[in-house]
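Undergrad: Below is one structure. I have some questions about it.
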Amino acid sequence: MAEEANPFESLQEYVGDAAAYLGVGEGLLTRLQNPERVLETNLTIELDDGGLETVRAYRSQFNDDRGPYKGGIRYHPDVTRDEVKALSGWMAYKCAVVDVPYGGGKGGIALDPRSFSTGELERITRAFATELRPLVGPDTDIAAPDVNTGQREMNWIKDTYETLEGTTAPGVVTGKGIESGGSEGRLEATGRSVMLTAREAFRYRETPLDGVTVAVQGYGNAGAVAARLLDEEGADVVAVSDSTGAVHDPDGLDAQMVKEHKKETGSVTGYVDAAEELTGEGLLTLDVDLLIPAALENAIDETLAEEVRADVIVEAANGPLTPAADDILIERDVSVFPDVLANAGGVTVSYFEWVQNRQRFYWDERRVNDELETVIVDAFDRLIEVFEEYDLPNLRTAAYAVAIDRVVNAHAEGGTWP
């Protein structure tokens, strides 16, 4: 296994590669490759047994040339400053790819949520919200769920902010529960955009989705939803994995039943209708038409890239391929549809939620899904236009070229002062 890539350095490389085709100057490139500010703070809370626990937390605000900072908050023991910086940059360019008027932000707390009670997690979340208070707001920086966070944590952040500010501001976070101002369709949005990207990818290749074989690495919300929706479109989901292992059946799995099994047991392994169990790495090298990495970053490095046998990769996770893996997959003629398009459904429907919060007028799920499909298909079409027009080496570079062009134009229109 090759040495794990630094995600922030990967982001900077992707931005640099695309910026070179656009003729971006060195001074502006530095701005495009680095966050504007990063909050790094220690949170100390009282545990249920009366002891104290201190955890490290971060919030990176990458770029706000196109609108307020926007991005999720994750709880994971491997959260680092560089990871959060990278994720905030990916969010800035993701919003630009789908032309949502946001900048990029990201937050994280270095902890394993399984080690804390619900009450302890609430105290940690509210402590973080208190630290974030001067930096966030509906027009400033809008948080959302990410790895190991969801509606519950967003509701806590919203309540803390509103209580301290003495106001009602549902738009300070997205991904909330419906009764707290959340949007219909938000829970499935990321998985839905993965399905839409895959559908358009195979249309572009002049191949119908019907009968396409699919492997999904990572069976959390995004991976499981994408699997179910692809199944409904006629694809054959033949393998799925989570952190415990993988299950495989060349005749196809029932994506929804696997999800139910995981909900009941905590794992996809042991699913009785699977033909065999694999390692997570084994899933990544299966001979399938479509591979969906939907776990964490750096899942496929240059070593694994040599063994990938999928024809198409659609990235549901952020940064699942290292730059070195990208280079190898280009040589091997594997089509990679990048994260900044494929998983942009979450931030797109977060934008819809924010709009509904501002208007105090809420949409039904059908409208949300229809609007999301329009955004993703339009973004896909623009990506292909730029890819072909500039004869770019891969679709990732094309996506960043689209995004950087929009950010650069917004920056130019705003001017530089004093």
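In the structure tokens, each chain is lettered A, B, ... as it comes, each chain's residues begin at 1, and ligands are numbered from 1 in order of appearance.
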Name the residues in contact with Arg332 of chain A at a cut-off of 10 Å, using only C-alpha atoms, excluding same-chain residues fewer than 4 positions from it; report them as an NGL selection string.

TA: :A and (305-306 or 308-309 or 311 or 326-328)

Undergrad: Keeping only C-alpha atoms, write the selected residues as a PDB file, in the first residue's frame.

TA:
ATOM      1  CA  ALA A 305      -5.748   1.819  -9.206  1.00  0.00           C
ATOM      2  CA  GLU A 306      -3.653  -0.710 -11.088  1.00  0.00           C
ATOM      3  CA  VAL A 308      -9.414  -1.565 -10.589  1.00  0.00           C
ATOM      4  CA  ARG A 309     -11.454  -3.344 -13.254  1.00  0.00           C
ATOM      5  CA  ASP A 311     -15.120   0.869 -16.615  1.00  0.00           C
ATOM      6  CA  ASP A 326      -6.152   9.476 -11.112  1.00  0.00           C
ATOM      7  CA  ASP A 327      -3.083   9.466 -13.339  1.00  0.00           C
ATOM      8  CA  ILE A 328      -3.075   5.670 -13.543  1.00  0.00           C
TER       9      ILE A 328
END

Undergrad: Would you mind writing down, as a PDB file with N, CA and C atoms, in the first residue's frame, each residue of segment 179-257 of chain A that DSSP on the backbone assigns to helix (DSSP H, G or I)?

TA:
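The resulting part-v6.pdb:
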ATOM      1  N   GLU A 179     -39.566  19.302  11.054  1.00  0.00           N
ATOM      2  CA  GLU A 179     -40.288  20.189  11.978  1.00  0.00           C
ATOM      3  C   GLU A 179     -39.438  21.369  12.437  1.00  0.00           C
ATOM      4  N   SER A 180     -38.137  21.290  12.204  1.00  0.00           N
ATOM      5  CA  SER A 180     -37.245  22.394  12.570  1.00  0.00           C
ATOM      6  C   SER A 180     -36.863  23.248  11.368  1.00  0.00           C
ATOM      7  N   ALA A 189     -30.635  13.248  -0.944  1.00  0.00           N
ATOM      8  CA  ALA A 189     -30.131  14.120  -2.009  1.00  0.00           C
ATOM      9  C   ALA A 189     -28.773  13.698  -2.544  1.00  0.00           C
ATOM     10  N   THR A 190     -27.832  13.352  -1.662  1.00  0.00           N
ATOM     11  CA  THR A 190     -26.496  12.994  -2.131  1.00  0.00           C
ATOM     12  C   THR A 190     -26.535  11.710  -2.944  1.00  0.00           C
ATOM     13  N   GLY A 191     -27.218  10.696  -2.432  1.00  0.00           N
ATOM     14  CA  GLY A 191     -27.349   9.459  -3.184  1.00  0.00           C
ATOM     15  C   GLY A 191     -28.071   9.653  -4.501  1.00  0.00           C
ATOM     16  N   ARG A 192     -29.041  10.556  -4.512  1.00  0.00           N
ATOM     17  CA  ARG A 192     -29.788  10.812  -5.749  1.00  0.00           C
ATOM     18  C   ARG A 192     -28.891  11.461  -6.806  1.00  0.00           C
ATOM     19  N   SER A 193     -28.029  12.396  -6.397  1.00  0.00           N
ATOM     20  CA  SER A 193     -27.135  13.018  -7.376  1.00  0.00           C
ATOM     21  C   SER A 193     -26.102  12.018  -7.887  1.00  0.00           C
ATOM     22  N   VAL A 194     -25.701  11.066  -7.061  1.00  0.00           N
ATOM     23  CA  VAL A 194     -24.806  10.005  -7.522  1.00  0.00           C
ATOM     24  C   VAL A 194     -25.501   9.180  -8.604  1.00  0.00           C
ATOM     25  N   MET A 195     -26.755   8.821  -8.357  1.00  0.00           N
ATOM     26  CA  MET A 195     -27.513   8.066  -9.366  1.00  0.00           C
ATOM     27  C   MET A 195     -27.666   8.874 -10.648  1.00  0.00           C
ATOM     28  N   LEU A 196     -28.009  10.155 -10.527  1.00  0.00           N
ATOM     29  CA  LEU A 196     -28.202  10.990 -11.712  1.00  0.00           C
ATOM     30  C   LEU A 196     -26.907  11.125 -12.504  1.00  0.00           C
ATOM     31  N   THR A 197     -25.790  11.295 -11.809  1.00  0.00           N
ATOM     32  CA  THR A 197     -24.496  11.389 -12.491  1.00  0.00           C
ATOM     33  C   THR A 197     -24.179  10.084 -13.213  1.00  0.00           C
ATOM     34  N   ALA A 198     -24.424   8.958 -12.542  1.00  0.00           N
ATOM     35  CA  ALA A 198     -24.187   7.661 -13.181  1.00  0.00           C
ATOM     36  C   ALA A 198     -25.083   7.478 -14.397  1.00  0.00           C
ATOM     37  N   ARG A 199     -26.336   7.849 -14.267  1.00  0.00           N
ATOM     38  CA  ARG A 199     -27.263   7.732 -15.402  1.00  0.00           C
ATOM     39  C   ARG A 199     -26.776   8.541 -16.598  1.00  0.00           C
ATOM     40  N   GLU A 200     -26.388   9.800 -16.345  1.00  0.00           N
ATOM     41  CA  GLU A 200     -25.900  10.652 -17.428  1.00  0.00           C
ATOM     42  C   GLU A 200     -24.571  10.150 -17.981  1.00  0.00           C
ATOM     43  N   ALA A 201     -23.731   9.587 -17.115  1.00  0.00           N
ATOM     44  CA  ALA A 201     -22.440   9.054 -17.563  1.00  0.00           C
ATOM     45  C   ALA A 201     -22.637   7.930 -18.569  1.00  0.00           C
ATOM     46  N   PHE A 202     -23.567   7.027 -18.298  1.00  0.00           N
ATOM     47  CA  PHE A 202     -23.781   5.912 -19.220  1.00  0.00           C
ATOM     48  C   PHE A 202     -24.532   6.365 -20.470  1.00  0.00           C
ATOM     49  N   ARG A 203     -25.367   7.393 -20.346  1.00  0.00           N
ATOM     50  CA  ARG A 203     -25.973   7.967 -21.551  1.00  0.00           C
ATOM     51  C   ARG A 203     -24.890   8.566 -22.445  1.00  0.00           C
ATOM     52  N   TYR A 204     -23.945   9.260 -21.817  1.00  0.00           N
ATOM     53  CA  TYR A 204     -22.832   9.860 -22.561  1.00  0.00           C
ATOM     54  C   TYR A 204     -22.015   8.778 -23.269  1.00  0.00           C
ATOM     55  N   ASN A 221     -25.528   6.478   4.289  1.00  0.00           N
ATOM     56  CA  ASN A 221     -26.695   7.072   3.651  1.00  0.00           C
ATOM     57  C   ASN A 221     -26.499   7.250   2.149  1.00  0.00           C
ATOM     58  N   ALA A 222     -25.386   7.888   1.730  1.00  0.00           N
ATOM     59  CA  ALA A 222     -25.193   8.170   0.307  1.00  0.00           C
ATOM     60  C   ALA A 222     -25.073   6.884  -0.502  1.00  0.00           C
ATOM     61  N   GLY A 223     -24.264   5.943  -0.036  1.00  0.00           N
ATOM     62  CA  GLY A 223     -24.067   4.712  -0.779  1.00  0.00           C
ATOM     63  C   GLY A 223     -25.322   3.879  -0.875  1.00  0.00           C
ATOM     64  N   ALA A 224     -26.051   3.766   0.226  1.00  0.00           N
ATOM     65  CA  ALA A 224     -27.258   2.939   0.229  1.00  0.00           C
ATOM     66  C   ALA A 224     -28.353   3.545  -0.633  1.00  0.00           C
ATOM     67  N   VAL A 225     -28.516   4.861  -0.572  1.00  0.00           N
ATOM     68  CA  VAL A 225     -29.534   5.516  -1.404  1.00  0.00           C
ATOM     69  C   VAL A 225     -29.174   5.393  -2.878  1.00  0.00           C
ATOM     70  N   ALA A 226     -27.901   5.645  -3.213  1.00  0.00           N
ATOM     71  CA  ALA A 226     -27.479   5.509  -4.604  1.00  0.00           C
ATOM     72  C   ALA A 226     -27.725   4.101  -5.115  1.00  0.00           C
ATOM     73  N   ALA A 227     -27.405   3.092  -4.291  1.00  0.00           N
ATOM     74  CA  ALA A 227     -27.613   1.703  -4.688  1.00  0.00           C
ATOM     75  C   ALA A 227     -29.083   1.419  -4.960  1.00  0.00           C
ATOM     76  N   ARG A 228     -29.953   1.863  -4.065  1.00  0.00           N
ATOM     77  CA  ARG A 228     -31.387   1.611  -4.242  1.00  0.00           C
ATOM     78  C   ARG A 228     -31.919   2.296  -5.497  1.00  0.00           C
ATOM     79  N   LEU A 229     -31.527   3.556  -5.713  1.00  0.00           N
ATOM     80  CA  LEU A 229     -32.030   4.294  -6.872  1.00  0.00           C
ATOM     81  C   LEU A 229     -31.490   3.723  -8.180  1.00  0.00           C
ATOM     82  N   LEU A 230     -30.247   3.276  -8.172  1.00  0.00           N
ATOM     83  CA  LEU A 230     -29.704   2.633  -9.370  1.00  0.00           C
ATOM     84  C   LEU A 230     -30.415   1.307  -9.649  1.00  0.00           C
ATOM     85  N   ASP A 231     -30.732   0.587  -8.587  1.00  0.00           N
ATOM     86  CA  ASP A 231     -31.495  -0.652  -8.722  1.00  0.00           C
ATOM     87  C   ASP A 231     -32.845  -0.367  -9.371  1.00  0.00           C
ATOM     88  N   GLU A 232     -33.482   0.725  -8.940  1.00  0.00           N
ATOM     89  CA  GLU A 232     -34.777   1.096  -9.504  1.00  0.00           C
ATOM     90  C   GLU A 232     -34.666   1.499 -10.971  1.00  0.00           C
ATOM     91  N   ALA A 255     -30.784  -4.169  -2.879  1.00  0.00           N
ATOM     92  CA  ALA A 255     -30.138  -3.054  -2.189  1.00  0.00           C
ATOM     93  C   ALA A 255     -30.904  -2.637  -0.932  1.00  0.00           C
ATOM     94  N   GLN A 256     -32.213  -2.622  -1.008  1.00  0.00           N
ATOM     95  CA  GLN A 256     -33.006  -2.193   0.144  1.00  0.00           C
ATOM     96  C   GLN A 256     -32.947  -3.226   1.262  1.00  0.00           C
ATOM     97  N   MET A 257     -32.955  -4.502   0.917  1.00  0.00           N
ATOM     98  CA  MET A 257     -32.880  -5.531   1.941  1.00  0.00           C
ATOM     99  C   MET A 257     -31.516  -5.537   2.633  1.00  0.00           C
TER     100      MET A 257
END

Undergrad: Hey, what's within 9 Å of Gly89 of chain A if we count only C-alpha atoms and toss same-chain stuff fewer than 5 positions away? As number ranges by chain, please?

TA: A: 8, 11-12, 32-35, 60-63, 84, 94, 103-106

Undergrad: Can I get the residues of segment 344-380 of chain A within 10 Å of segment 133-151 of chain A, each with the closest pair of atoms and their distance in Å to one decimal, using only C-alpha atoms, sorted chain first then ascending number, as a Markdown table?

TA:
| residue | atom | partner | partner_atom | distance |
| --- | --- | --- | --- | --- |
| A:Gly346 | CA | A:Ala144 | CA | 9.1 |
| A:Val347 | CA | A:Ala144 | CA | 8.5 |
| A:Ser350 | CA | A:Ala144 | CA | 7.8 |
| A:Tyr351 | CA | A:Ile142 | CA | 9.8 |
| A:Trp354 | CA | A:Pro138 | CA | 8.1 |
| A:Asn357 | CA | A:Pro138 | CA | 9.5 |
| A:Arg358 | CA | A:Pro138 | CA | 8.8 |

Undergrad: Got time to write the residues from that selection, N, CA and C atoms, as a short mmCIF file (atom, residue, chain, number, x, y, z; two decimals), in the first residue's frame?

TA:
data_model
loop_
_atom_site.label_atom_id
_atom_site.label_comp_id
_atom_site.auth_asym_id
_atom_site.auth_seq_id
_atom_site.Cartn_x
_atom_site.Cartn_y
_atom_site.Cartn_z
N GLY A 346 -26.26 16.84 -2.07
CA GLY A 346 -26.45 17.27 -0.68
C GLY A 346 -26.43 18.77 -0.54
N VAL A 347 -25.42 19.42 -1.10
CA VAL A 347 -25.34 20.88 -0.97
C VAL A 347 -26.40 21.57 -1.82
N SER A 350 -29.44 21.35 0.18
CA SER A 350 -29.21 22.27 1.30
C SER A 350 -29.49 23.71 0.88
N TYR A 351 -29.08 24.05 -0.33
CA TYR A 351 -29.40 25.38 -0.86
C TYR A 351 -30.91 25.56 -0.98
N TRP A 354 -32.23 26.22 2.44
CA TRP A 354 -31.90 27.58 2.85
C TRP A 354 -32.85 28.59 2.20
N ASN A 357 -36.14 28.32 3.90
CA ASN A 357 -36.06 28.96 5.21
C ASN A 357 -36.19 30.47 5.09
N ARG A 358 -35.52 31.04 4.08
CA ARG A 358 -35.54 32.49 3.92
C ARG A 358 -36.93 32.98 3.50
#

Undergrad: Could you give me, as a ChimeraX atom specification, the residues within 10 Å of Asn6 of chain A, counting only C-alpha atoms and dropping anything in the same chain fewer than 5 positions from it?

TA: /A:11,82-83,86,297-298,322

Undergrad: Mind dumping the selected residues with C-alpha atoms as a compact mmCIF listing (two decimals), in the first residue's frame?

TA:
# COMPACT_ATOMS: atom_id res chain seq x y z
CA LEU A 11 -6.92 19.49 -3.54
CA ASP A 82 -5.58 19.50 6.69
CA GLU A 83 -8.58 17.24 6.10
CA ALA A 86 -9.34 20.13 1.92
CA GLU A 297 -11.02 10.01 1.15
CA ASN A 298 -7.98 8.15 -0.26
CA THR A 322 -5.51 10.12 -4.82

Undergrad: From the DSSP assignment of the backbone, select every residue of segment 200-340 of chain A that is strand (DSSP E or B), and format the answer as a PyMOL selection string.

TA: chain A and resi 213-217+236-242+245-248+276-278+290-293+300+312-314+321+335-337

Undergrad: Take the residues from that selection and write them out as a PDB file, in the first residue's frame, keeping N, CA and C atoms.

TA:
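Generated file (again12.pdb):
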ATOM      1  N   THR A 213     -23.634  -3.507 -14.104  1.00  0.00           N
ATOM      2  CA  THR A 213     -23.265  -4.064 -12.803  1.00  0.00           C
ATOM      3  C   THR A 213     -22.578  -2.999 -11.955  1.00  0.00           C
ATOM      4  N   VAL A 214     -22.927  -2.979 -10.663  1.00  0.00           N
ATOM      5  CA  VAL A 214     -22.511  -1.893  -9.775  1.00  0.00           C
ATOM      6  C   VAL A 214     -21.939  -2.461  -8.481  1.00  0.00           C
ATOM      7  N   ALA A 215     -20.814  -1.891  -8.030  1.00  0.00           N
ATOM      8  CA  ALA A 215     -20.269  -2.169  -6.696  1.00  0.00           C
ATOM      9  C   ALA A 215     -20.201  -0.855  -5.932  1.00  0.00           C
ATOM     10  N   VAL A 216     -20.647  -0.889  -4.676  1.00  0.00           N
ATOM     11  CA  VAL A 216     -20.700   0.319  -3.843  1.00  0.00           C
ATOM     12  C   VAL A 216     -19.832   0.111  -2.615  1.00  0.00           C
ATOM     13  N   GLN A 217     -18.771   0.909  -2.489  1.00  0.00           N
ATOM     14  CA  GLN A 217     -17.898   0.856  -1.307  1.00  0.00           C
ATOM     15  C   GLN A 217     -18.342   1.933  -0.331  1.00  0.00           C
ATOM     16  N   ASP A 236     -27.787  -3.520 -11.866  1.00  0.00           N
ATOM     17  CA  ASP A 236     -27.647  -4.671 -10.974  1.00  0.00           C
ATOM     18  C   ASP A 236     -26.561  -4.377  -9.939  1.00  0.00           C
ATOM     19  N   VAL A 237     -26.985  -4.137  -8.695  1.00  0.00           N
ATOM     20  CA  VAL A 237     -26.027  -3.909  -7.608  1.00  0.00           C
ATOM     21  C   VAL A 237     -25.529  -5.275  -7.161  1.00  0.00           C
ATOM     22  N   VAL A 238     -24.255  -5.582  -7.453  1.00  0.00           N
ATOM     23  CA  VAL A 238     -23.740  -6.926  -7.198  1.00  0.00           C
ATOM     24  C   VAL A 238     -22.857  -7.005  -5.960  1.00  0.00           C
ATOM     25  N   ALA A 239     -22.433  -5.853  -5.415  1.00  0.00           N
ATOM     26  CA  ALA A 239     -21.570  -5.874  -4.223  1.00  0.00           C
ATOM     27  C   ALA A 239     -21.685  -4.558  -3.479  1.00  0.00           C
ATOM     28  N   VAL A 240     -21.668  -4.671  -2.144  1.00  0.00           N
ATOM     29  CA  VAL A 240     -21.649  -3.475  -1.295  1.00  0.00           C
ATOM     30  C   VAL A 240     -20.747  -3.766  -0.103  1.00  0.00           C
ATOM     31  N   SER A 241     -20.215  -2.694   0.497  1.00  0.00           N
ATOM     32  CA  SER A 241     -19.347  -2.881   1.657  1.00  0.00           C
ATOM     33  C   SER A 241     -19.569  -1.772   2.670  1.00  0.00           C
ATOM     34  N   ASP A 242     -19.139  -2.053   3.907  1.00  0.00           N
ATOM     35  CA  ASP A 242     -19.020  -1.022   4.929  1.00  0.00           C
ATOM     36  C   ASP A 242     -17.706  -1.282   5.660  1.00  0.00           C
ATOM     37  N   GLY A 245     -16.693  -5.101   6.203  1.00  0.00           N
ATOM     38  CA  GLY A 245     -16.437  -6.040   5.120  1.00  0.00           C
ATOM     39  C   GLY A 245     -17.396  -5.808   3.969  1.00  0.00           C
ATOM     40  N   ALA A 246     -17.467  -6.791   3.069  1.00  0.00           N
ATOM     41  CA  ALA A 246     -18.279  -6.646   1.866  1.00  0.00           C
ATOM     42  C   ALA A 246     -19.033  -7.927   1.560  1.00  0.00           C
ATOM     43  N   VAL A 247     -20.170  -7.773   0.863  1.00  0.00           N
ATOM     44  CA  VAL A 247     -20.935  -8.919   0.373  1.00  0.00           C
ATOM     45  C   VAL A 247     -21.075  -8.789  -1.132  1.00  0.00           C
ATOM     46  N   HIS A 248     -21.083  -9.954  -1.808  1.00  0.00           N
ATOM     47  CA  HIS A 248     -21.062  -9.977  -3.268  1.00  0.00           C
ATOM     48  C   HIS A 248     -21.954 -11.088  -3.780  1.00  0.00           C
ATOM     49  N   GLU A 276     -21.210 -14.539  -1.464  1.00  0.00           N
ATOM     50  CA  GLU A 276     -19.918 -14.613  -0.779  1.00  0.00           C
ATOM     51  C   GLU A 276     -19.637 -13.294  -0.066  1.00  0.00           C
ATOM     52  N   GLU A 277     -18.673 -13.374   0.852  1.00  0.00           N
ATOM     53  CA  GLU A 277     -18.204 -12.167   1.525  1.00  0.00           C
ATOM     54  C   GLU A 277     -16.794 -11.846   1.039  1.00  0.00           C
ATOM     55  N   LEU A 278     -16.486 -10.548   0.947  1.00  0.00           N
ATOM     56  CA  LEU A 278     -15.192 -10.072   0.489  1.00  0.00           C
ATOM     57  C   LEU A 278     -14.629  -9.091   1.496  1.00  0.00           C
ATOM     58  N   LEU A 290     -19.631  -0.337 -13.094  1.00  0.00           N
ATOM     59  CA  LEU A 290     -19.656   0.920 -12.341  1.00  0.00           C
ATOM     60  C   LEU A 290     -19.194   0.685 -10.916  1.00  0.00           C
ATOM     61  N   LEU A 291     -18.227   1.455 -10.479  1.00  0.00           N
ATOM     62  CA  LEU A 291     -17.740   1.422  -9.101  1.00  0.00           C
ATOM     63  C   LEU A 291     -18.074   2.762  -8.436  1.00  0.00           C
ATOM     64  N   ILE A 292     -18.674   2.673  -7.251  1.00  0.00           N
ATOM     65  CA  ILE A 292     -19.030   3.882  -6.507  1.00  0.00           C
ATOM     66  C   ILE A 292     -18.308   3.865  -5.168  1.00  0.00           C
ATOM     67  N   PRO A 293     -17.196   4.605  -5.032  1.00  0.00           N
ATOM     68  CA  PRO A 293     -16.571   4.757  -3.715  1.00  0.00           C
ATOM     69  C   PRO A 293     -17.361   5.776  -2.902  1.00  0.00           C
ATOM     70  N   ILE A 300      -8.778   4.808  -2.884  1.00  0.00           N
ATOM     71  CA  ILE A 300      -8.067   4.178  -3.996  1.00  0.00           C
ATOM     72  C   ILE A 300      -6.774   4.951  -4.247  1.00  0.00           C
ATOM     73  N   VAL A 312     -16.258   2.519 -15.243  1.00  0.00           N
ATOM     74  CA  VAL A 312     -16.670   3.859 -14.830  1.00  0.00           C
ATOM     75  C   VAL A 312     -16.611   3.943 -13.310  1.00  0.00           C
ATOM     76  N   ILE A 313     -16.114   5.062 -12.805  1.00  0.00           N
ATOM     77  CA  ILE A 313     -16.139   5.347 -11.370  1.00  0.00           C
ATOM     78  C   ILE A 313     -16.923   6.630 -11.166  1.00  0.00           C
ATOM     79  N   VAL A 314     -17.890   6.582 -10.273  1.00  0.00           N
ATOM     80  CA  VAL A 314     -18.638   7.786  -9.870  1.00  0.00           C
ATOM     81  C   VAL A 314     -18.383   7.984  -8.384  1.00  0.00           C
ATOM     82  N   LEU A 321     -10.177   9.164  -4.504  1.00  0.00           N
ATOM     83  CA  LEU A 321      -9.020   8.789  -5.307  1.00  0.00           C
ATOM     84  C   LEU A 321      -7.872   9.759  -5.033  1.00  0.00           C
ATOM     85  N   SER A 335     -13.147   5.913 -16.908  1.00  0.00           N
ATOM     86  CA  SER A 335     -13.824   7.214 -16.805  1.00  0.00           C
ATOM     87  C   SER A 335     -14.191   7.488 -15.349  1.00  0.00           C
ATOM     88  N   VAL A 336     -13.662   8.593 -14.795  1.00  0.00           N
ATOM     89  CA  VAL A 336     -13.932   8.967 -13.411  1.00  0.00           C
ATOM     90  C   VAL A 336     -14.781  10.230 -13.400  1.00  0.00           C
ATOM     91  N   PHE A 337     -15.985  10.129 -12.876  1.00  0.00           N
ATOM     92  CA  PHE A 337     -16.867  11.281 -12.736  1.00  0.00           C
ATOM     93  C   PHE A 337     -16.723  11.791 -11.302  1.00  0.00           C
TER      94      PHE A 337
END

Undergrad: Using only C-alpha atoms, which residues sit within 9 Å of Leu341 of chain A once same-chain residues fewer than 2 positions away are excluded, as number ranges by chain?

TA: A: 94-95, 97-98, 193-194, 197, 315, 337-339, 343-345, 376, 379-380, 383, 399

Undergrad: Those same residues - N, CA and C atoms - I'd like them written as a PDB file, in the first residue's frame.

TA:
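Result file follows (result-v5.pdb):
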ATOM      1  N   LYS A  94     -17.292  22.513  -5.477  1.00  0.00           N
ATOM      2  CA  LYS A  94     -18.520  21.748  -5.715  1.00  0.00           C
ATOM      3  C   LYS A  94     -19.701  22.690  -5.947  1.00  0.00           C
ATOM      4  N   CYS A  95     -19.820  23.700  -5.092  1.00  0.00           N
ATOM      5  CA  CYS A  95     -20.912  24.666  -5.246  1.00  0.00           C
ATOM      6  C   CYS A  95     -20.802  25.388  -6.579  1.00  0.00           C
ATOM      7  N   VAL A  97     -19.369  24.208  -9.359  1.00  0.00           N
ATOM      8  CA  VAL A  97     -19.653  23.274 -10.454  1.00  0.00           C
ATOM      9  C   VAL A  97     -21.145  23.218 -10.744  1.00  0.00           C
ATOM     10  N   VAL A  98     -21.956  23.159  -9.695  1.00  0.00           N
ATOM     11  CA  VAL A  98     -23.410  23.071  -9.891  1.00  0.00           C
ATOM     12  C   VAL A  98     -24.068  24.445  -9.873  1.00  0.00           C
ATOM     13  N   SER A 193     -28.029  12.396  -6.397  1.00  0.00           N
ATOM     14  CA  SER A 193     -27.135  13.018  -7.376  1.00  0.00           C
ATOM     15  C   SER A 193     -26.102  12.018  -7.887  1.00  0.00           C
ATOM     16  N   VAL A 194     -25.701  11.066  -7.061  1.00  0.00           N
ATOM     17  CA  VAL A 194     -24.806  10.005  -7.522  1.00  0.00           C
ATOM     18  C   VAL A 194     -25.501   9.180  -8.604  1.00  0.00           C
ATOM     19  N   THR A 197     -25.790  11.295 -11.809  1.00  0.00           N
ATOM     20  CA  THR A 197     -24.496  11.389 -12.491  1.00  0.00           C
ATOM     21  C   THR A 197     -24.179  10.084 -13.213  1.00  0.00           C
ATOM     22  N   GLU A 315     -17.788   9.108  -8.026  1.00  0.00           N
ATOM     23  CA  GLU A 315     -17.319   9.345  -6.663  1.00  0.00           C
ATOM     24  C   GLU A 315     -18.432   9.893  -5.767  1.00  0.00           C
ATOM     25  N   PHE A 337     -15.985  10.129 -12.876  1.00  0.00           N
ATOM     26  CA  PHE A 337     -16.867  11.281 -12.736  1.00  0.00           C
ATOM     27  C   PHE A 337     -16.723  11.791 -11.302  1.00  0.00           C
ATOM     28  N   PRO A 338     -16.202  13.011 -11.152  1.00  0.00           N
ATOM     29  CA  PRO A 338     -15.656  13.447  -9.863  1.00  0.00           C
ATOM     30  C   PRO A 338     -16.695  13.799  -8.814  1.00  0.00           C
ATOM     31  N   ASP A 339     -16.214  13.762  -7.568  1.00  0.00           N
ATOM     32  CA  ASP A 339     -17.020  14.063  -6.394  1.00  0.00           C
ATOM     33  C   ASP A 339     -17.695  15.426  -6.458  1.00  0.00           C
ATOM     34  N   ASN A 343     -21.474  14.049  -5.905  1.00  0.00           N
ATOM     35  CA  ASN A 343     -22.116  14.098  -4.587  1.00  0.00           C
ATOM     36  C   ASN A 343     -22.638  15.482  -4.248  1.00  0.00           C
ATOM     37  N   ALA A 344     -22.818  16.328  -5.265  1.00  0.00           N
ATOM     38  CA  ALA A 344     -23.273  17.700  -5.027  1.00  0.00           C
ATOM     39  C   ALA A 344     -24.765  17.797  -4.716  1.00  0.00           C
ATOM     40  N   GLY A 345     -25.468  16.675  -4.732  1.00  0.00           N
ATOM     41  CA  GLY A 345     -26.887  16.726  -4.406  1.00  0.00           C
ATOM     42  C   GLY A 345     -27.149  17.211  -3.000  1.00  0.00           C
ATOM     43  N   ILE A 376     -28.294  18.977 -11.571  1.00  0.00           N
ATOM     44  CA  ILE A 376     -27.235  17.987 -11.818  1.00  0.00           C
ATOM     45  C   ILE A 376     -27.064  17.724 -13.311  1.00  0.00           C
ATOM     46  N   ALA A 379     -25.339  20.692 -14.890  1.00  0.00           N
ATOM     47  CA  ALA A 379     -23.922  20.705 -14.510  1.00  0.00           C
ATOM     48  C   ALA A 379     -23.145  19.635 -15.258  1.00  0.00           C
ATOM     49  N   PHE A 380     -23.735  18.468 -15.425  1.00  0.00           N
ATOM     50  CA  PHE A 380     -23.092  17.385 -16.184  1.00  0.00           C
ATOM     51  C   PHE A 380     -22.846  17.829 -17.620  1.00  0.00           C
ATOM     52  N   LEU A 383     -20.001  20.254 -17.809  1.00  0.00           N
ATOM     53  CA  LEU A 383     -18.744  19.544 -17.595  1.00  0.00           C
ATOM     54  C   LEU A 383     -18.262  18.898 -18.891  1.00  0.00           C
ATOM     55  N   ALA A 399     -14.117  19.553 -14.423  1.00  0.00           N
ATOM     56  CA  ALA A 399     -14.984  20.052 -13.352  1.00  0.00           C
ATOM     57  C   ALA A 399     -14.335  21.223 -12.626  1.00  0.00           C
TER      58      ALA A 399
END

Undergrad: Nearest to Arg366 of chain A among A:Arg126, A:Arg59, A:Ile178, A:Ser183, with distances taken over only C-alpha atoms: which residue is it?

TA: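 Distance minimum relative to Arg366 of chain A lands on A:Ser183.
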
Undergrad: What lies within 9 Å of Gly181 of chain A using only C-alpha atoms, ignoring chain neighbours under 4 positions off, as a PyMOL selection string?

TA: chain A and resi 170-171+174-177+353+356-357+360+362

Undergrad: Of the residues A:Ala235, A:Ile124, A:Leu372, A:Val349, which is the one nearest to Gly211 of chain A, using only C-alpha atoms?

TA: A:Ala235

Undergrad: Which residue, A:Ala18, A:Val377, A:Val55, A:Val355, has the smallest gap to Pro101 of chain A when you use only C-alpha atoms?

TA: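 Among the listed residues, A:Val355 lies closest to Pro101 of chain A.
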
Undergrad: Using only C-alpha atoms, which residues sit within 7 Å of Asp112 of chain A once same-chain residues fewer than 2 positions away are excluded, as a list in words?

TA: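 The neighbour list is Tyr75, His76, Pro77, Arg114 and Ser115 of chain A.
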